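Structure file query-v5.tsv with TSV, C-alpha atoms:
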chain	number	residue	atom	x	y	z
A	1	MET	CA	-19.03	-2.50	25.40
A	2	SER	CA	-18.53	-2.15	29.11
A	3	THR	CA	-21.56	-0.69	30.84
A	4	SER	CA	-19.33	1.96	32.43
A	5	ALA	CA	-17.60	2.95	29.18
A	6	LYS	CA	-18.76	5.49	26.63
A	7	LEU	CA	-17.70	5.93	23.03
A	8	PRO	CA	-15.00	5.63	21.86
A	9	TYR	CA	-14.07	3.46	24.87
A	10	ILE	CA	-14.81	-0.27	24.65
A	11	LYS	CA	-12.95	-1.86	27.55
A	12	LYS	CA	-10.11	-1.24	29.97
A	13	VAL	CA	-7.34	-3.81	29.52
A	14	GLY	CA	-4.87	-2.79	32.18
A	15	HIS	CA	-2.47	-0.23	33.57
A	16	ARG	CA	1.17	0.62	33.00
A	17	GLY	CA	2.14	2.73	35.99
A	18	ASP	CA	-0.34	5.61	36.11
A	19	ILE	CA	-1.39	5.07	32.49
A	20	THR	CA	-4.68	3.32	31.72
A	21	VAL	CA	-4.76	1.17	28.58
A	22	TRP	CA	-8.06	1.20	26.70
A	23	ILE	CA	-9.37	-0.74	23.74
A	24	VAL	CA	-11.29	1.82	21.69
A	25	ASP	CA	-13.59	1.92	18.68
A	26	GLY	CA	-11.21	3.12	15.98
A	27	SER	CA	-14.01	3.28	13.41
A	28	TYR	CA	-15.89	5.75	15.59
A	29	ILE	CA	-12.76	7.85	16.10
A	30	ARG	CA	-11.99	7.95	12.38
A	31	GLY	CA	-15.58	8.85	11.59
A	32	HIS	CA	-16.19	11.46	14.31
A	33	ILE	CA	-12.90	12.71	15.76
A	34	ASP	CA	-9.87	12.13	13.54
A	35	GLU	CA	-9.77	10.32	10.20
A	36	GLU	CA	-6.01	9.87	10.62
A	37	PHE	CA	-6.20	7.84	13.85
A	38	THR	CA	-4.34	4.57	13.30
A	39	ASN	CA	-3.93	1.33	15.27
A	40	PHE	CA	-3.05	3.05	18.53
A	41	GLY	CA	-2.13	6.38	20.03
A	42	GLN	CA	-1.15	8.44	23.05
A	43	HIS	CA	-1.63	12.04	24.12
A	44	TYR	CA	1.54	13.58	22.71
A	45	ALA	CA	0.79	12.28	19.22
A	46	PHE	CA	-3.00	12.75	19.37
A	47	ILE	CA	-3.89	15.69	21.59
A	48	TYR	CA	-7.50	14.53	22.08
A	49	ILE	CA	-6.32	11.40	23.94
A	50	PRO	CA	-6.15	12.13	27.71
A	51	LEU	CA	-2.63	12.50	29.09
A	52	ASN	CA	-2.56	9.28	31.09
A	53	GLU	CA	-4.30	6.99	28.62
A	54	PHE	CA	-3.20	4.71	25.79
A	55	TRP	CA	-5.79	4.02	23.10
A	56	ILE	CA	-5.58	0.80	21.07
A	57	ASP	CA	-7.98	0.13	18.24
A	58	ARG	CA	-10.23	-2.91	18.49
A	59	GLU	CA	-8.77	-5.59	16.21
A	60	ALA	CA	-10.76	-7.87	13.93
A	61	VAL	CA	-8.39	-10.85	14.19
A	62	HIS	CA	-4.74	-11.04	15.31
A	63	ASP	CA	-3.82	-9.83	18.78
A	64	GLU	CA	-1.07	-7.20	18.64
A	65	THR	CA	-1.98	-5.40	21.85
A	66	ARG	CA	1.26	-6.22	23.67
A	67	PHE	CA	3.35	-4.92	20.75
A	68	PHE	CA	1.42	-1.66	20.67
A	69	ILE	CA	1.69	-1.14	24.44
A	70	ASP	CA	5.48	-1.62	24.31
A	71	HIS	CA	5.61	0.93	21.50
A	72	LEU	CA	3.44	3.46	23.32
A	73	LEU	CA	5.43	3.23	26.55
A	74	VAL	CA	8.58	4.35	24.76
A	75	GLU	CA	6.87	6.95	22.58
A	76	HIS	CA	4.98	8.50	25.51
A	77	ARG	CA	8.02	8.56	27.81
A	78	LEU	CA	10.27	10.25	25.26
A	79	MET	CA	7.74	12.79	24.04
A	80	ALA	CA	6.92	13.73	27.65
A	81	LYS	CA	10.59	14.75	27.90
A	82	GLY	CA	10.30	16.93	24.81
A	83	VAL	CA	11.68	14.50	22.21
A	84	PRO	CA	10.08	15.25	18.81
A	85	TYR	CA	7.57	12.71	17.51
A	86	ASP	CA	9.73	11.58	14.58
A	87	LYS	CA	12.65	10.70	16.87
A	88	ALA	CA	10.42	9.10	19.49
A	89	LEU	CA	8.78	7.00	16.78
A	90	VAL	CA	12.13	5.55	15.70
A	91	GLU	CA	12.92	4.43	19.24
A	92	ALA	CA	9.41	3.11	19.83
A	93	ASP	CA	9.50	1.17	16.57
A	94	ARG	CA	12.82	-0.35	17.61
A	95	GLU	CA	11.33	-1.62	20.87
A	96	GLU	CA	8.20	-2.91	19.17
A	97	ARG	CA	10.29	-4.71	16.56
A	98	LYS	CA	12.22	-6.53	19.31
A	99	GLU	CA	8.96	-7.81	20.78
A	100	ARG	CA	7.70	-8.96	17.39
A	101	ARG	CA	10.92	-10.91	16.85
A	102	ARG	CA	10.60	-12.50	20.29
A	103	ALA	CA	7.08	-13.57	19.37
A	104	GLY	CA	8.54	-15.54	16.43
A	105	ASP	CA	6.71	-13.82	13.58
A	106	VAL	CA	9.85	-13.01	11.61
A	107	SER	CA	11.48	-16.40	12.18
A	108	ARG	CA	8.42	-18.33	11.02
A	109	PHE	CA	7.85	-16.21	7.95
A	110	THR	CA	11.48	-16.30	6.77
A	111	HIS	CA	12.32	-19.89	7.82
A	112	HIS	CA	14.54	-18.73	10.68
A	113	GLY	CA	15.98	-15.89	8.63
A	114	GLU	CA	17.24	-18.13	5.86
A	115	GLU	CA	14.89	-16.75	3.19
A	116	LEU	CA	13.66	-13.35	2.09
A	117	PRO	CA	9.98	-12.84	2.91
A	118	ASP	CA	7.49	-13.56	0.11
A	119	ALA	CA	4.86	-10.84	-0.15
A	120	LYS	CA	2.27	-13.33	-1.33
A	121	GLY	CA	2.63	-15.13	2.00
A	122	VAL	CA	0.62	-12.41	3.75
A	123	HIS	CA	-2.37	-12.79	1.42
A	124	GLU	CA	-5.45	-13.96	3.33
A	125	ARG	CA	-7.99	-13.86	0.52
A	126	LEU	CA	-8.59	-12.14	-2.80
A	127	TRP	CA	-11.38	-9.63	-2.30
A	128	LYS	CA	-11.77	-8.74	-5.95
A	129	LYS	CA	-9.85	-8.37	-9.20
A	130	LEU	CA	-10.85	-5.24	-11.07
A	131	GLU	CA	-11.19	-4.83	-14.82
A	132	ASN	CA	-8.14	-2.54	-14.87
A	133	GLY	CA	-6.00	-5.44	-13.63
A	134	VAL	CA	-5.71	-4.33	-10.00
A	135	SER	CA	-6.16	-7.11	-7.43
A	136	VAL	CA	-7.46	-6.19	-3.98
A	137	TRP	CA	-6.28	-8.52	-1.22
A	138	ILE	CA	-7.18	-8.85	2.44
A	139	VAL	CA	-3.79	-9.37	4.09
A	140	ASN	CA	-2.49	-10.51	7.45
A	141	GLY	CA	-1.72	-7.11	8.94
A	142	ARG	CA	0.23	-8.51	11.86
A	143	LEU	CA	2.65	-10.29	9.52
A	144	VAL	CA	2.99	-7.21	7.30
A	145	ARG	CA	3.96	-5.13	10.33
A	146	SER	CA	6.28	-7.78	11.73
A	147	VAL	CA	8.10	-8.64	8.52
A	148	PHE	CA	7.82	-5.73	6.06
A	149	ASP	CA	6.85	-2.40	7.62
A	150	ILE	CA	6.10	-1.92	11.29
A	151	ASP	CA	4.13	1.27	10.52
A	152	PHE	CA	1.78	-0.34	7.96
A	153	THR	CA	-1.77	0.72	8.84
A	154	GLU	CA	-5.20	-0.01	7.37
A	155	GLY	CA	-4.07	-0.53	3.79
A	156	GLY	CA	-1.59	0.21	1.04
A	157	HIS	CA	-0.65	-0.41	-2.56
A	158	ASP	CA	2.26	-0.87	-4.94
A	159	HIS	CA	2.77	2.84	-5.62
A	160	VAL	CA	3.60	3.46	-1.94
A	161	TYR	CA	5.14	0.23	-0.64
A	162	GLU	CA	7.95	-1.46	-2.53
A	163	PHE	CA	7.05	-4.86	-1.05
A	164	VAL	CA	3.49	-4.83	-2.42
A	165	PRO	CA	3.44	-6.64	-5.80
A	166	GLU	CA	2.59	-4.66	-8.93
A	167	ASN	CA	-1.10	-3.88	-9.40
A	168	GLU	CA	-2.07	-4.96	-5.89
A	169	VAL	CA	-3.98	-3.09	-3.20
A	170	TRP	CA	-3.77	-4.49	0.34
A	171	ILE	CA	-6.43	-4.09	3.02
A	172	ASP	CA	-5.38	-4.89	6.60
A	173	ASP	CA	-7.42	-7.71	8.13
A	174	ALA	CA	-7.29	-5.84	11.46
A	175	ILE	CA	-9.89	-3.47	9.99
A	176	GLU	CA	-13.35	-4.70	10.85
A	177	GLU	CA	-15.79	-5.50	8.05
A	178	PRO	CA	-18.07	-2.43	8.38
A	179	GLU	CA	-15.11	-0.09	7.95
A	180	ARG	CA	-13.31	-1.83	5.10
A	181	GLY	CA	-15.23	-0.04	2.37
A	182	TYR	CA	-13.93	3.36	3.48
A	183	VAL	CA	-10.33	2.13	3.64
A	184	LEU	CA	-10.78	0.48	0.24
A	185	LEU	CA	-12.01	3.76	-1.23
A	186	HIS	CA	-9.00	5.62	0.14
A	187	GLU	CA	-6.51	3.10	-1.21
A	188	LEU	CA	-8.11	2.75	-4.65
A	189	HIS	CA	-8.41	6.51	-5.12
A	190	GLU	CA	-4.82	7.05	-3.99
A	191	HIS	CA	-3.56	4.19	-6.19
A	192	ASN	CA	-5.37	5.47	-9.25
A	193	ARG	CA	-4.16	9.05	-8.82
A	194	MET	CA	-0.56	7.98	-8.27
A	195	ALA	CA	-0.81	5.77	-11.36
A	196	GLN	CA	-1.62	8.99	-13.23
A	197	GLY	CA	1.57	10.57	-11.90
A	198	TRP	CA	0.32	12.38	-8.83
A	199	PRO	CA	2.83	12.68	-5.95
A	200	TYR	CA	1.97	10.74	-2.81
A	201	ASN	CA	1.18	13.73	-0.59
A	202	LYS	CA	-1.33	15.19	-3.03
A	203	ALA	CA	-2.97	11.82	-3.70
A	204	HIS	CA	-3.12	10.98	0.01
A	205	GLU	CA	-4.66	14.31	0.99
A	206	GLU	CA	-7.38	14.06	-1.63
A	207	SER	CA	-8.05	10.42	-0.72
A	208	SER	CA	-8.37	11.36	2.94
A	209	ARG	CA	-10.88	14.08	2.10
A	210	LEU	CA	-12.92	11.67	-0.01
A	211	GLU	CA	-12.81	9.00	2.69
A	212	SER	CA	-13.88	11.50	5.34
A	213	ARG	CA	-16.81	12.69	3.23
A	214	CYS	CA	-18.08	9.17	2.71
A	215	ARG	CA	-17.71	8.36	6.41
A	216	HIS	CA	-20.06	11.27	7.06
A	217	HIS	CA	-22.25	10.46	4.04
A	218	PRO	CA	-22.20	6.66	3.74
A	219	ASP	CA	-24.89	6.72	1.06
A	220	GLU	CA	-22.22	8.10	-1.31
A	221	LEU	CA	-19.74	5.25	-0.75
A	222	HIS	CA	-21.07	2.91	-3.46
A	223	ASP	CA	-20.90	5.55	-6.19
A	224	ALA	CA	-17.48	6.72	-5.05
A	225	LEU	CA	-16.13	3.17	-5.24
A	226	ALA	CA	-17.69	2.66	-8.69
A	227	ALA	CA	-15.87	5.78	-9.89
A	228	GLU	CA	-12.59	4.08	-8.92
A	229	GLY	CA	-13.40	0.92	-10.90
A	230	TRP	CA	-15.08	-1.12	-8.15
A	231	GLU	CA	-18.12	-2.46	-10.00
Could I get this structure in the form of structure tokens?
Amino acid sequence: MSTSAKLPYIKKVGHRGDITVWIVDGSYIRGHIDEEFTNFGQHYAFIYIPLNEFWIDREAVHDETRFFIDHLLVEHRLMAKGVPYDKALVEADREERKERRRAGDVSRFTHHGEELPDAKGVHERLWKKLENGVSVWIVNGRLVRSVFDIDFTEGGHDHVYEFVPENEVWIDDAIEEPERGYVLLHELHEHNRMAQGWPYNKAHEESSRLESRCRHHPDELHDALAAEGWE
């Protein structure tokens, strides 16, 4: 961490006009400020971010910073004019998607657009196969966002995303190792409740509460995971 920076700031990576772009400790933010903080954010979507700052989570592997900055520039500009978040997000996603295509992610993954993407192609490694038949995979989050869903964040499973194969839970490789257990707990709990017929909103809210509790009480994480079949 920079000697001049304090949590959650890690390092300053540049400016876009009068906006300062920071790499931040997303794990710290999710554990102490906002469990729902994702890969990046700006003031009008996350009020605790200063007005003239962009926050981008520190990534474990693939560099997506330029995509996220392009997204934030559009989102921030539109919301500053009073455009609702949902509408600003659509336009920001459109700009980000253009940049991802220019980078060649989509072309490489679909053989220049001649094939449909294969979900198994984003698998990095099998983390574990559970006794209930669920396979937990670490996946290439950059490819998932470029090819399947630009808003994919942290993790997901087959009951939420149509492109995730049956009985699979995906954990984004952008999440650093110390934080993966909390994301895993959220996704397994949500998956298991939705498999029982719970609607997404109810399952997600309960999973978020459970994840938040374990972030504040990490000694409970092992038992909470065991209750979801992780043994």
Within 9 Å of segment 13-30 of chain A, which residues of segment 113-179 of chain A come that close, and what is the closest atom pair and distance in Å for each? Count all atoms listed in the file and give it as a tab-separated table.
residue	atom	partner	partner_atom	distance
A:Ile175	CA	A:Ser27	CA	8.6
A:Glu176	CA	A:Ser27	CA	8.4
A:Pro178	CA	A:Ser27	CA	8.6
A:Glu179	CA	A:Ser27	CA	6.5
List every protein, DNA or RNA residue that has an atom no more than 10 Å from (2.3, -7.2, 6.4) in the file's coordinate frame, counting all atoms listed in the file, and report them as a ChimeraX atom specification.
/A:119-123,139-153,155-156,163-164,170-173
Tell me, as JSON, numbers by chain, which residues lie within 10 Å of Ala227 of chain A, counting all atoms listed in the file; anything in the same chain fewer than 6 positions away does not count.
{"A": [185, 188, 189, 221]}
For atom CA of Ala80 of chain A and atom CA of Tyr44 of chain A, quote the distance in Å rounded to one decimal.
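Spanning atom CA of Ala80 of chain A to atom CA of Tyr44 of chain A is a straight-line distance of 7.3 Å.
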Identify which of the residues A:Glu59, A:Ser107, A:Ile47, A:Arg94 lies closest to Asp34 of chain A, counting only C-alpha atoms when measuring atom-to-atom distances.
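Residue with the minimum atom-to-atom distance to Asp34 of chain A: A:Ile47.
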Counting all atoms listed in the file, which residue out of A:Glu166, A:Glu36, A:Asp219, A:Glu114 sits closest to Gly133 of chain A?
A:Glu166
Of the residues A:Gly82, A:Pro199, A:Gly104, A:Gly41, which is the one nearest to Thr65 of chain A, using all atoms listed in the file?
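Using all atoms listed in the file, Thr65 of chain A sits closest to A:Gly41.
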Go through A:Lys12, A:His191, A:His216, A:Arg209 and flag the residue nearest Glu228 of chain A, using only C-alpha atoms for the distances.
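Among the listed residues, the smallest separation from Glu228 of chain A belongs to A:His191.
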Find the distance between atom CA of Leu225 of chain A and atom CA of Asn192 of chain A and write it in Å to one decimal.
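Computing the Euclidean distance for atom CA of Leu225 of chain A and atom CA of Asn192 of chain A yields 11.7 Å.
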Just give me the gap between atom CA of Glu168 of chain A and atom CA of Ser135 of chain A in Å, one decimal is fine.
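If I compute the distance from atom CA of Glu168 of chain A to atom CA of Ser135 of chain A, I get 4.9 Å.
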Report as lines of an AutoDock Vina configuration file the centre and the edge lengths, in Å to one decimal, of the axis-aligned box holding every listed atom of segment 41-45 of chain A, padded by 4 Å on each side.
center_x = -0.3
center_y = 10.0
center_z = 21.7
size_x = 11.7
size_y = 15.2
size_z = 12.9
Proximity to His157 of chain A - best of A:Phe37, A:Tyr182, A:Trp55, A:Tyr200, all atoms listed in the file:
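The answer is A:Tyr200, which sits nearest to His157 of chain A.
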Among listed residues A:Phe40, A:Trp137, A:Tyr9, A:Tyr161, nearest Arg66 of chain A (using all atoms listed in the file):
A:Phe40
